[in-house]
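entry-v2.txt (compact mmCIF, C-alpha atoms)
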```txt
# COMPACT_ATOMS: atom_id res chain seq x y z
CA MET T 75 -23.05 18.78 -54.15
CA LYS T 76 -19.94 20.48 -52.76
CA LYS T 77 -21.49 21.21 -49.38
CA PRO T 78 -19.65 19.68 -46.42
CA HIS T 79 -20.78 16.13 -45.80
CA LEU T 80 -21.57 16.93 -42.15
CA VAL T 81 -24.03 19.64 -43.20
CA ILE T 82 -25.74 17.28 -45.66
CA PHE T 83 -25.87 14.60 -42.95
CA GLY T 84 -27.41 17.06 -40.48
CA LYS T 85 -30.04 18.18 -42.96
CA GLY T 86 -30.81 14.51 -43.59
CA ILE T 87 -31.52 14.06 -39.86
CA VAL T 88 -33.99 16.95 -39.88
CA VAL T 89 -35.76 15.78 -43.05
CA GLY T 90 -35.87 12.17 -41.81
CA GLY T 91 -37.43 13.20 -38.52
CA SER T 92 -39.96 15.39 -40.30
CA LEU T 93 -41.08 12.48 -42.47
CA LEU T 94 -42.61 10.82 -39.40
CA ILE T 95 -44.80 13.80 -38.48
CA PRO T 96 -48.16 13.63 -40.27
CA GLY T 97 -48.79 16.93 -42.01
CA VAL T 98 -45.13 17.87 -42.35
CA SER T 99 -43.93 17.38 -45.91
CA GLY T 100 -40.43 15.97 -46.24
CA GLY T 101 -40.18 17.65 -49.64
CA SER T 102 -41.13 21.02 -48.17
CA MET T 103 -38.68 20.57 -45.30
CA ALA T 104 -35.95 19.79 -47.83
CA MET T 105 -36.90 23.01 -49.67
CA ILE T 106 -36.71 25.00 -46.43
CA LEU T 107 -33.23 23.60 -45.79
CA GLY T 108 -32.13 24.37 -49.36
CA ILE T 109 -31.39 20.78 -50.32
CA TYR T 110 -34.49 19.78 -52.34
CA ASP T 111 -33.17 20.69 -55.80
CA ALA T 112 -29.90 18.88 -55.13
CA LEU T 113 -31.82 15.76 -54.08
CA ILE T 114 -33.97 15.76 -57.20
CA ARG T 115 -30.98 16.33 -59.48
CA SER T 116 -28.90 13.64 -57.79
CA VAL T 117 -31.62 11.08 -58.57
CA SER T 118 -32.83 12.23 -61.98
CA SER T 119 -29.27 12.82 -63.25
CA PHE T 120 -27.60 10.04 -61.31
CA LEU T 121 -25.70 8.57 -64.26
CA LYS T 122 -24.11 11.90 -65.21
CA ASP T 123 -21.84 11.86 -62.16
CA ILE T 124 -22.29 8.54 -60.39
CA ARG T 125 -19.56 9.02 -57.79
CA GLN T 126 -20.63 12.46 -56.55
CA ASN T 127 -24.33 11.65 -56.67
CA LEU T 128 -23.80 8.39 -54.80
CA ILE T 129 -21.77 10.07 -52.04
CA PHE T 130 -24.40 12.78 -51.71
CA LEU T 131 -27.32 10.34 -51.54
CA ILE T 132 -25.60 7.97 -49.11
CA THR T 133 -24.69 10.86 -46.79
CA PHE T 134 -28.17 12.33 -46.87
CA THR T 135 -29.91 8.94 -46.53
CA ALA T 136 -27.74 7.96 -43.54
CA GLY T 137 -28.78 11.18 -41.79
CA ALA T 138 -32.45 10.66 -42.69
CA LEU T 139 -32.42 7.10 -41.29
CA LEU T 140 -30.85 8.33 -38.06
CA GLY T 141 -33.47 11.08 -37.80
CA MET T 142 -36.27 8.54 -38.23
CA LEU T 143 -34.80 6.32 -35.51
CA LEU T 144 -34.45 9.26 -33.12
CA PHE T 145 -37.99 10.59 -33.62
CA ALA T 146 -40.01 7.40 -34.11
CA LYS T 147 -40.38 6.29 -30.47
CA PRO T 148 -41.42 9.70 -29.03
CA LEU T 149 -43.97 10.21 -31.82
CA LEU T 150 -45.39 6.69 -31.40
CA PHE T 151 -45.79 7.35 -27.67
CA LEU T 152 -47.67 10.60 -28.33
CA VAL T 153 -50.01 9.03 -30.91
CA ASP T 154 -50.76 6.05 -28.64
CA THR T 155 -51.12 7.99 -25.39
CA PHE T 156 -52.67 11.26 -26.58
CA HIS T 157 -54.32 10.18 -29.81
CA LEU T 158 -56.96 12.89 -30.23
CA PRO T 159 -54.73 15.89 -29.34
CA SER T 160 -51.97 14.50 -31.55
CA MET T 161 -54.32 14.13 -34.51
CA TYR T 162 -55.59 17.69 -34.11
CA PHE T 163 -52.01 18.94 -34.12
CA PHE T 164 -51.31 16.91 -37.28
CA MET T 165 -54.45 18.27 -38.98
CA GLY T 166 -53.37 21.81 -38.11
CA ALA T 167 -49.96 21.11 -39.62
CA VAL T 168 -51.60 19.93 -42.84
CA ALA T 169 -53.89 22.96 -42.95
CA GLY T 170 -50.84 25.18 -42.46
CA SER T 171 -49.30 23.83 -45.66
CA ILE T 172 -52.34 24.72 -47.79
CA PRO T 173 -51.42 28.43 -48.35
CA MET T 174 -47.91 27.36 -49.40
CA ILE T 175 -49.28 24.88 -51.95
CA PHE T 176 -51.74 27.44 -53.32
CA ARG T 177 -48.92 29.96 -53.66
CA LYS T 178 -46.84 27.46 -55.62
CA ALA T 179 -49.77 26.99 -57.99
CA ALA T 180 -49.31 30.67 -58.94
CA VAL T 181 -53.01 31.27 -59.61
CA LYS T 182 -53.28 34.77 -61.06
CA LYS T 183 -56.91 34.69 -62.18
CA PHE T 184 -59.95 32.48 -61.80
CA SER T 185 -60.52 29.69 -64.31
CA PRO T 186 -62.50 26.41 -64.28
CA GLY T 187 -59.26 24.57 -63.48
CA VAL T 188 -59.03 26.35 -60.11
CA ILE T 189 -62.10 24.33 -59.08
CA LEU T 190 -61.63 21.23 -61.24
CA TYR T 191 -58.05 20.27 -60.31
CA PRO T 192 -58.57 20.39 -56.51
CA LEU T 193 -61.71 18.29 -57.01
CA ILE T 194 -59.57 15.72 -58.82
CA GLY T 195 -57.24 15.63 -55.82
CA ILE T 196 -60.16 15.19 -53.41
CA LEU T 197 -61.54 12.41 -55.63
CA LEU T 198 -58.19 10.59 -55.51
CA VAL T 199 -58.29 10.66 -51.71
CA TYR T 200 -61.88 9.37 -51.75
CA LEU T 201 -60.92 6.51 -54.07
CA MET T 202 -58.01 5.59 -51.78
CA ASN T 203 -60.44 5.54 -48.87
CA LEU T 204 -62.43 2.85 -50.69
CA LEU T 205 -59.49 0.45 -50.49
CA PRO T 206 -60.18 -2.42 -48.05
CA ALA T 207 -58.90 -1.84 -44.52
CA GLY T 208 -55.60 -3.62 -43.95
CA MET T 209 -55.09 -4.11 -47.69
CA PHE T 210 -51.42 -3.20 -47.39
CA GLY T 211 -50.76 -5.68 -44.62
CA SER T 212 -49.46 -5.28 -41.10
CA ARG T 213 -46.17 -5.73 -39.31
CA VAL T 214 -47.08 -9.32 -38.34
CA GLY T 215 -47.77 -10.59 -41.87
CA SER T 216 -45.59 -12.86 -43.96
CA GLY T 217 -45.42 -14.45 -47.39
CA PHE T 218 -45.06 -13.09 -50.92
CA THR T 219 -48.41 -11.26 -50.96
CA HIS T 220 -47.55 -9.43 -47.73
CA PHE T 221 -44.14 -8.34 -49.04
CA PHE T 222 -45.60 -7.36 -52.42
CA MET T 223 -48.28 -5.15 -50.85
CA LEU T 224 -45.73 -3.49 -48.58
CA GLY T 225 -43.56 -2.82 -51.63
CA LEU T 226 -46.55 -1.32 -53.43
CA ALA T 227 -47.26 0.88 -50.40
CA GLY T 228 -43.63 1.99 -50.53
CA ILE T 229 -44.04 3.04 -54.17
CA ILE T 230 -47.18 5.03 -53.31
CA THR T 231 -45.55 6.82 -50.37
CA ALA T 232 -42.49 7.59 -52.51
CA VAL T 233 -44.63 9.99 -54.54
CA ALA T 234 -45.39 11.88 -51.31
CA LEU T 235 -41.69 11.86 -50.49
CA VAL T 236 -40.76 13.50 -53.79
CA LEU T 237 -43.61 16.01 -54.02
CA PRO T 238 -43.35 19.09 -51.77
CA GLY T 239 -46.58 19.72 -49.89
CA ILE T 240 -47.61 16.08 -49.36
CA SER T 241 -46.73 14.39 -46.08
CA VAL T 242 -45.36 10.82 -46.22
CA SER T 243 -46.75 10.10 -42.77
CA TYR T 244 -50.17 11.43 -43.74
CA MET T 245 -50.07 9.08 -46.70
CA LEU T 246 -49.30 6.22 -44.31
CA LEU T 247 -52.22 7.32 -42.12
CA MET T 248 -54.53 7.21 -45.13
CA LEU T 249 -53.29 3.72 -45.99
CA GLY T 250 -53.84 2.59 -42.38
CA MET T 251 -50.11 1.91 -41.94
CA TYR T 252 -48.84 4.74 -39.76
CA GLU T 253 -48.72 3.06 -36.35
CA ASP T 254 -47.44 -0.24 -37.78
CA THR T 255 -44.67 1.61 -39.61
CA MET T 256 -43.71 3.62 -36.51
CA TYR T 257 -43.61 0.44 -34.44
CA ALA T 258 -41.51 -1.32 -37.07
CA ILE T 259 -39.02 1.57 -37.06
CA THR T 260 -38.71 1.65 -33.27
CA THR T 261 -38.13 -2.13 -33.14
CA LEU T 262 -36.13 -2.36 -36.41
CA HIS T 263 -38.57 -5.00 -37.67
CA LEU T 264 -36.83 -5.74 -40.98
CA PRO T 265 -39.47 -8.09 -42.50
CA TYR T 266 -41.74 -5.03 -42.56
CA LEU T 267 -39.21 -2.28 -43.24
CA LEU T 268 -37.24 -3.94 -46.06
CA PRO T 269 -40.08 -4.40 -48.59
CA LEU T 270 -41.47 -0.97 -47.67
CA GLY T 271 -38.04 0.60 -48.17
CA ILE T 272 -37.38 -1.27 -51.43
CA GLY T 273 -40.75 -0.10 -52.75
CA GLY T 274 -39.87 3.45 -51.72
CA VAL T 275 -36.57 3.35 -53.62
CA VAL T 276 -38.29 1.90 -56.71
CA GLY T 277 -41.01 4.55 -56.45
CA ILE T 278 -38.46 7.36 -56.24
CA LEU T 279 -36.55 6.07 -59.26
CA LEU T 280 -39.77 5.64 -61.27
CA THR T 281 -41.39 8.93 -60.40
CA THR T 282 -38.63 11.52 -59.85
CA ARG T 283 -38.00 12.36 -63.50
CA LEU T 284 -41.72 12.23 -64.35
CA LEU T 285 -42.72 14.43 -61.41
CA GLU T 286 -39.90 16.85 -62.18
CA TYR T 287 -41.23 17.17 -65.75
CA VAL T 288 -44.87 17.56 -64.66
CA LEU T 289 -44.06 20.19 -62.03
CA ASP T 290 -41.94 22.14 -64.51
CA HIS T 291 -44.42 22.03 -67.42
CA TYR T 292 -47.81 21.86 -65.64
CA THR T 293 -47.04 23.72 -62.43
CA LYS T 294 -50.45 25.25 -61.81
CA ALA T 295 -52.45 22.09 -62.49
CA SER T 296 -50.05 19.90 -60.49
CA TYR T 297 -50.13 22.01 -57.35
CA LEU T 298 -53.90 22.49 -57.51
CA VAL T 299 -54.32 18.69 -57.62
CA ILE T 300 -51.95 18.44 -54.64
CA LEU T 301 -54.05 21.09 -52.89
CA GLY T 302 -57.18 18.97 -53.37
CA PHE T 303 -55.29 15.90 -52.20
CA VAL T 304 -54.28 17.63 -48.97
CA LEU T 305 -57.80 19.00 -48.36
CA GLY T 306 -59.23 15.52 -48.84
CA ALA T 307 -56.65 14.03 -46.49
CA VAL T 308 -57.62 16.43 -43.68
CA ILE T 309 -61.25 15.36 -43.99
CA LEU T 310 -60.37 11.67 -44.22
CA VAL T 311 -58.34 11.40 -41.02
CA PHE T 312 -60.61 13.61 -38.86
CA PRO T 313 -60.58 11.72 -35.52
CA GLY T 314 -63.88 12.99 -34.17
CA LEU T 315 -64.91 15.66 -31.67
CA PRO T 316 -63.06 16.04 -28.36
CA SER T 317 -64.65 16.01 -24.94
CA GLY T 318 -64.04 17.76 -21.63
CA PHE T 319 -60.76 19.69 -21.51
CA GLY T 320 -60.11 18.45 -25.05
CA TRP T 321 -62.38 21.22 -26.32
CA VAL T 322 -59.67 23.66 -25.22
CA LEU T 323 -56.55 21.59 -25.85
CA CYS T 324 -57.36 20.20 -29.31
CA PRO T 325 -58.17 23.54 -31.01
CA LEU T 326 -55.03 25.07 -29.44
CA LEU T 327 -52.89 22.23 -30.80
CA PHE T 328 -54.57 22.59 -34.20
CA LEU T 329 -53.65 26.28 -34.26
CA PHE T 330 -50.12 25.54 -33.05
CA GLY T 331 -49.61 23.03 -35.85
CA PHE T 332 -51.10 25.45 -38.37
CA PHE T 333 -48.87 28.41 -37.47
CA LEU T 334 -45.79 26.22 -37.05
CA ILE T 335 -46.00 25.07 -40.67
CA ARG T 336 -46.86 28.61 -41.82
CA LYS T 337 -43.65 29.78 -40.13
CA LEU T 338 -41.61 27.03 -41.80
CA SER T 339 -43.20 27.96 -45.13
CA ALA T 340 -42.13 31.56 -44.59
CA LEU T 341 -38.56 30.35 -44.02
CA GLU T 342 -38.74 28.51 -47.35
CA ASN T 343 -39.57 31.79 -49.08
```
Would you mind writing the file out in structure tokens?
Amino acid sequence: MKKPHLVIFGKGIVVGGSLLIPGVSGGSMAMILGIYDALIRSVSSFLKDIRQNLIFLITFTAGALLGMLLFAKPLLFLVDTFHLPSMYFFMGAVAGSIPMIFRKAAVKKFSPGVILYPLIGILLVYLMNLLPAGMFGSRVGSGFTHFFMLGLAGIITAVALVLPGISVSYMLLMLGMYEDTMYAITTLHLPYLLPLGIGGVVGILLTTRLLEYVLDHYTKASYLVILGFVLGAVILVFPGLPSGFGWVLCPLLFLFGFFLIRKLSALEN
């Protein structure tokens, strides 16, 4: 909490930009930068020191919002213009986080839970895939139902924001909201961003203390479920096979994304 405000602001920019890259976990990036524990404490223990916690959160959030604004347009261009190569890079980034998640599970010997908990995570992804397409609305919607569903999506993505190892943007991809959200950020489309952001804040407040407790007391089971969730997400967003030169480019980008996240994970250690 006593770190210079400029350093906290700068770390917020990096974490905010990373939130927009599918496969890159904002929670893991915060861990790498050494600010994750302070973020969790500032939310879960907010009332213990309101002034300091509020200053910390405002400084970090301002940096994160600036990072999102800076990175949104270039990423949207890449996804729109080079969709298949971009998706292979994102899948590689997700795959690169799998060893880190498994390590956090601290599995020392085989047990039925090593198989069961990842299957639960995969099942959760499958159930999410059964949700009707466009269920969470689009940037052109209006009315109470539209705002309510965006708020609900914000609550869901907040879980990914708090948990290290799960990418917020990958969650948005699974919900069919990634490109709409990126477009809304680049154009500052507030009718879309406000309910999504409010839902995110509510989700963080509702889940931070619970997730902190679960990760502390059921570490192995929690991270194995997350592992299954990530494995299921990779399968779910598979964009199809490339063609032509894509057979060279896409695997190379997959490997680049994989080793990039492995390197960041090593920095976290």
For the contact check between stretch 177-276 of chain T and stretch 136-149 of chain T, emit one row per residue of stretch 177-276 of chain T within 8 Å, containing the shortest atom pair and the distance in Å rounded to one decimal, counting only C-alpha atoms, chain then rising number order, as a Markdown table.
```
| residue | atom | partner | partner_atom | distance |
| --- | --- | --- | --- | --- |
| T:Met256 | CA | T:Ala146 | CA | 5.8 |
| T:Tyr257 | CA | T:Lys147 | CA | 7.8 |
| T:Ile259 | CA | T:Leu143 | CA | 6.5 |
| T:Thr260 | CA | T:Lys147 | CA | 5.7 |
```
My list of candidates is T:Pro269, T:Gly195, T:Gly320, T:Gly100. Which is closest to T:Tyr297 when distances are computed with only C-alpha atoms? T:Gly195
Excluding T:Tyr162 and any residue of its chain fewer than 4 positions from it, enumerate the residues within 10 Å of it, using only C-alpha atoms, and give them as a PyMOL selection string. chain T and resi 157-158+166-168+308+311-316+323-332
Show me, as an mmCIF file with C-alpha atoms, in the coordinates of the input, the residues that have an atom within 12 Å of T:Glu253 when counting only C-alpha atoms, minus same-chain residues fewer than 2 positions from it.
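So out.cif came out as:
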```cif
data_model
loop_
_atom_site.group_PDB
_atom_site.id
_atom_site.type_symbol
_atom_site.label_atom_id
_atom_site.label_comp_id
_atom_site.auth_asym_id
_atom_site.auth_seq_id
_atom_site.Cartn_x
_atom_site.Cartn_y
_atom_site.Cartn_z
ATOM 1 C CA LEU T 94 -42.610 10.820 -39.400
ATOM 2 C CA ILE T 95 -44.800 13.800 -38.480
ATOM 3 C CA PRO T 96 -48.160 13.630 -40.270
ATOM 4 C CA ALA T 146 -40.010 7.400 -34.110
ATOM 5 C CA LYS T 147 -40.380 6.290 -30.470
ATOM 6 C CA LEU T 149 -43.970 10.210 -31.820
ATOM 7 C CA LEU T 150 -45.390 6.690 -31.400
ATOM 8 C CA PHE T 151 -45.790 7.350 -27.670
ATOM 9 C CA LEU T 152 -47.670 10.600 -28.330
ATOM 10 C CA VAL T 153 -50.010 9.030 -30.910
ATOM 11 C CA ASP T 154 -50.760 6.050 -28.640
ATOM 12 C CA HIS T 157 -54.320 10.180 -29.810
ATOM 13 C CA SER T 212 -49.460 -5.280 -41.100
ATOM 14 C CA ARG T 213 -46.170 -5.730 -39.310
ATOM 15 C CA SER T 243 -46.750 10.100 -42.770
ATOM 16 C CA TYR T 244 -50.170 11.430 -43.740
ATOM 17 C CA LEU T 246 -49.300 6.220 -44.310
ATOM 18 C CA LEU T 247 -52.220 7.320 -42.120
ATOM 19 C CA MET T 248 -54.530 7.210 -45.130
ATOM 20 C CA LEU T 249 -53.290 3.720 -45.990
ATOM 21 C CA GLY T 250 -53.840 2.590 -42.380
ATOM 22 C CA MET T 251 -50.110 1.910 -41.940
ATOM 23 C CA THR T 255 -44.670 1.610 -39.610
ATOM 24 C CA MET T 256 -43.710 3.620 -36.510
ATOM 25 C CA TYR T 257 -43.610 0.440 -34.440
ATOM 26 C CA ALA T 258 -41.510 -1.320 -37.070
ATOM 27 C CA ILE T 259 -39.020 1.570 -37.060
ATOM 28 C CA THR T 260 -38.710 1.650 -33.270
#
```
Ranking T:Leu267, T:Leu80, T:Leu298, T:Val181 by minimum distance to T:Ile196 and counting all atoms listed in the file, which one comes first?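 Using all atoms listed in the file, the shortest distance to T:Ile196 belongs to T:Leu298.
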Exercise: T:Ile129 partners within 12 Å, all atoms listed in the file, chain neighbours under 3 positions left out, as a PyMOL selection string: chain T and resi 75-79+82-83+113+116-117+120+123-126+132-136
Expressed in Å to a single decimal, how great is the separation between atom CA of T:Gly91 and atom CA of T:Leu237?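 For atom CA of T:Gly91 relative to atom CA of T:Leu237, the distance reads 16.9 Å.
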Can you work out the spacing between atom CA of T:Thr219 and atom CA of T:Leu262 in Å, to one decimal?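 Those two atoms sit 21.0 Å apart.
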Determine, counting all atoms listed in the file, which protein, DNA and RNA residues have an atom within 12 Å of an atom of T:Leu201; residues of the same chain fewer than 2 positions away are not included. Present the result as a PyMOL selection string. chain T and resi 194-199+203-206+248-249+303+306-307+310
Mind listing as a PDB file with C-alpha atoms, in the coordinates of the input all residues within 7 Å of (-49.2, 17.1, -60.4), counting all atoms listed in the file?
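out01.pdb written:
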```pdb
ATOM      1  CA  VAL T 288     -44.870  17.560 -64.660  1.00  0.00           C
ATOM      2  CA  LEU T 289     -44.060  20.190 -62.030  1.00  0.00           C
ATOM      3  CA  ALA T 295     -52.450  22.090 -62.490  1.00  0.00           C
ATOM      4  CA  SER T 296     -50.050  19.900 -60.490  1.00  0.00           C
ATOM      5  CA  TYR T 297     -50.130  22.010 -57.350  1.00  0.00           C
ATOM      6  CA  VAL T 299     -54.320  18.690 -57.620  1.00  0.00           C
ATOM      7  CA  ILE T 300     -51.950  18.440 -54.640  1.00  0.00           C
TER       8      ILE T 300
END
```
Taking only C-alpha atoms into account, name the residue in T:Pro159, T:Gly302, T:Pro265, T:Gly108 that is nearest to T:Ile240.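 That would be T:Gly302, the residue with the smallest distance to T:Ile240.
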Atom CA of T:Ile335 to atom CA of T:Leu235, straight-line distance in Å: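 These two atoms are separated by 17.0 Å.
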All heavy atoms modelled onto stretch 132-143 of chain T, as an mmCIF file, in the frame of the given file:
```
data_model
loop_
_atom_site.group_PDB
_atom_site.id
_atom_site.type_symbol
_atom_site.label_atom_id
_atom_site.label_comp_id
_atom_site.auth_asym_id
_atom_site.auth_seq_id
_atom_site.Cartn_x
_atom_site.Cartn_y
_atom_site.Cartn_z
ATOM 1 N N ILE T 132 -25.901 8.814 -50.271
ATOM 2 C CA ILE T 132 -25.600 7.970 -49.110
ATOM 3 C C ILE T 132 -25.501 8.814 -47.841
ATOM 4 O O ILE T 132 -26.032 8.456 -46.785
ATOM 5 C CB ILE T 132 -24.286 7.189 -49.339
ATOM 6 C CG1 ILE T 132 -24.506 6.104 -50.397
ATOM 7 C CG2 ILE T 132 -23.794 6.561 -48.036
ATOM 8 C CD1 ILE T 132 -23.247 5.340 -50.763
ATOM 9 N N THR T 133 -24.840 9.973 -47.947
ATOM 10 C CA THR T 133 -24.690 10.860 -46.790
ATOM 11 C C THR T 133 -26.039 11.354 -46.304
ATOM 12 O O THR T 133 -26.346 11.315 -45.102
ATOM 13 C CB THR T 133 -23.792 12.064 -47.146
ATOM 14 O OG1 THR T 133 -22.538 11.599 -47.643
ATOM 15 C CG2 THR T 133 -23.568 12.946 -45.930
ATOM 16 N N PHE T 134 -26.851 11.817 -47.242
ATOM 17 C CA PHE T 134 -28.170 12.330 -46.870
ATOM 18 C C PHE T 134 -29.058 11.212 -46.312
ATOM 19 O O PHE T 134 -29.734 11.396 -45.287
ATOM 20 C CB PHE T 134 -28.855 12.965 -48.088
ATOM 21 C CG PHE T 134 -30.238 13.464 -47.808
ATOM 22 C CD1 PHE T 134 -30.433 14.709 -47.227
ATOM 23 C CD2 PHE T 134 -31.346 12.690 -48.095
ATOM 24 C CE1 PHE T 134 -31.709 15.176 -46.946
ATOM 25 C CE2 PHE T 134 -32.624 13.144 -47.816
ATOM 26 C CZ PHE T 134 -32.805 14.390 -47.247
ATOM 27 N N THR T 135 -29.063 10.055 -46.959
ATOM 28 C CA THR T 135 -29.910 8.940 -46.530
ATOM 29 C C THR T 135 -29.516 8.445 -45.145
ATOM 30 O O THR T 135 -30.383 8.114 -44.324
ATOM 31 C CB THR T 135 -29.829 7.783 -47.540
ATOM 32 O OG1 THR T 135 -30.230 8.261 -48.829
ATOM 33 C CG2 THR T 135 -30.747 6.643 -47.130
ATOM 34 N N ALA T 136 -28.202 8.380 -44.865
ATOM 35 C CA ALA T 136 -27.740 7.960 -43.540
ATOM 36 C C ALA T 136 -28.278 8.900 -42.464
ATOM 37 O O ALA T 136 -28.745 8.463 -41.400
ATOM 38 C CB ALA T 136 -26.220 7.909 -43.506
ATOM 39 N N GLY T 137 -28.235 10.207 -42.738
ATOM 40 C CA GLY T 137 -28.780 11.180 -41.790
ATOM 41 C C GLY T 137 -30.284 11.026 -41.628
ATOM 42 O O GLY T 137 -30.810 11.093 -40.505
ATOM 43 N N ALA T 138 -30.997 10.809 -42.744
ATOM 44 C CA ALA T 138 -32.450 10.660 -42.690
ATOM 45 C C ALA T 138 -32.846 9.429 -41.872
ATOM 46 O O ALA T 138 -33.790 9.478 -41.072
ATOM 47 C CB ALA T 138 -33.023 10.569 -44.105
ATOM 48 N N LEU T 139 -32.131 8.331 -42.056
ATOM 49 C CA LEU T 139 -32.420 7.100 -41.290
ATOM 50 C C LEU T 139 -32.185 7.327 -39.804
ATOM 51 O O LEU T 139 -32.982 6.875 -38.966
ATOM 52 C CB LEU T 139 -31.561 5.950 -41.803
ATOM 53 C CG LEU T 139 -31.895 5.434 -43.207
ATOM 54 C CD1 LEU T 139 -30.878 4.383 -43.644
ATOM 55 C CD2 LEU T 139 -33.309 4.838 -43.233
ATOM 56 N N LEU T 140 -31.112 8.031 -39.460
ATOM 57 C CA LEU T 140 -30.850 8.330 -38.060
ATOM 58 C C LEU T 140 -31.950 9.218 -37.481
ATOM 59 O O LEU T 140 -32.420 8.999 -36.350
ATOM 60 C CB LEU T 140 -29.490 9.016 -37.915
ATOM 61 C CG LEU T 140 -29.100 9.439 -36.483
ATOM 62 C CD1 LEU T 140 -29.061 8.232 -35.557
ATOM 63 C CD2 LEU T 140 -27.754 10.153 -36.483
ATOM 64 N N GLY T 141 -32.393 10.208 -38.259
ATOM 65 C CA GLY T 141 -33.470 11.080 -37.800
ATOM 66 C C GLY T 141 -34.754 10.307 -37.552
ATOM 67 O O GLY T 141 -35.459 10.555 -36.564
ATOM 68 N N MET T 142 -35.070 9.355 -38.417
ATOM 69 C CA MET T 142 -36.270 8.540 -38.230
ATOM 70 C C MET T 142 -36.161 7.699 -36.960
ATOM 71 O O MET T 142 -37.131 7.562 -36.205
ATOM 72 C CB MET T 142 -36.472 7.653 -39.461
ATOM 73 C CG MET T 142 -36.827 8.431 -40.719
ATOM 74 S SD MET T 142 -36.860 7.430 -42.214
ATOM 75 C CE MET T 142 -38.356 6.481 -41.937
ATOM 76 N N LEU T 143 -34.991 7.121 -36.717
ATOM 77 C CA LEU T 143 -34.800 6.320 -35.510
ATOM 78 C C LEU T 143 -34.915 7.160 -34.245
ATOM 79 O O LEU T 143 -35.468 6.720 -33.231
ATOM 80 C CB LEU T 143 -33.436 5.618 -35.557
ATOM 81 C CG LEU T 143 -33.279 4.506 -36.593
ATOM 82 C CD1 LEU T 143 -31.828 4.025 -36.644
ATOM 83 C CD2 LEU T 143 -34.211 3.331 -36.264
#
```
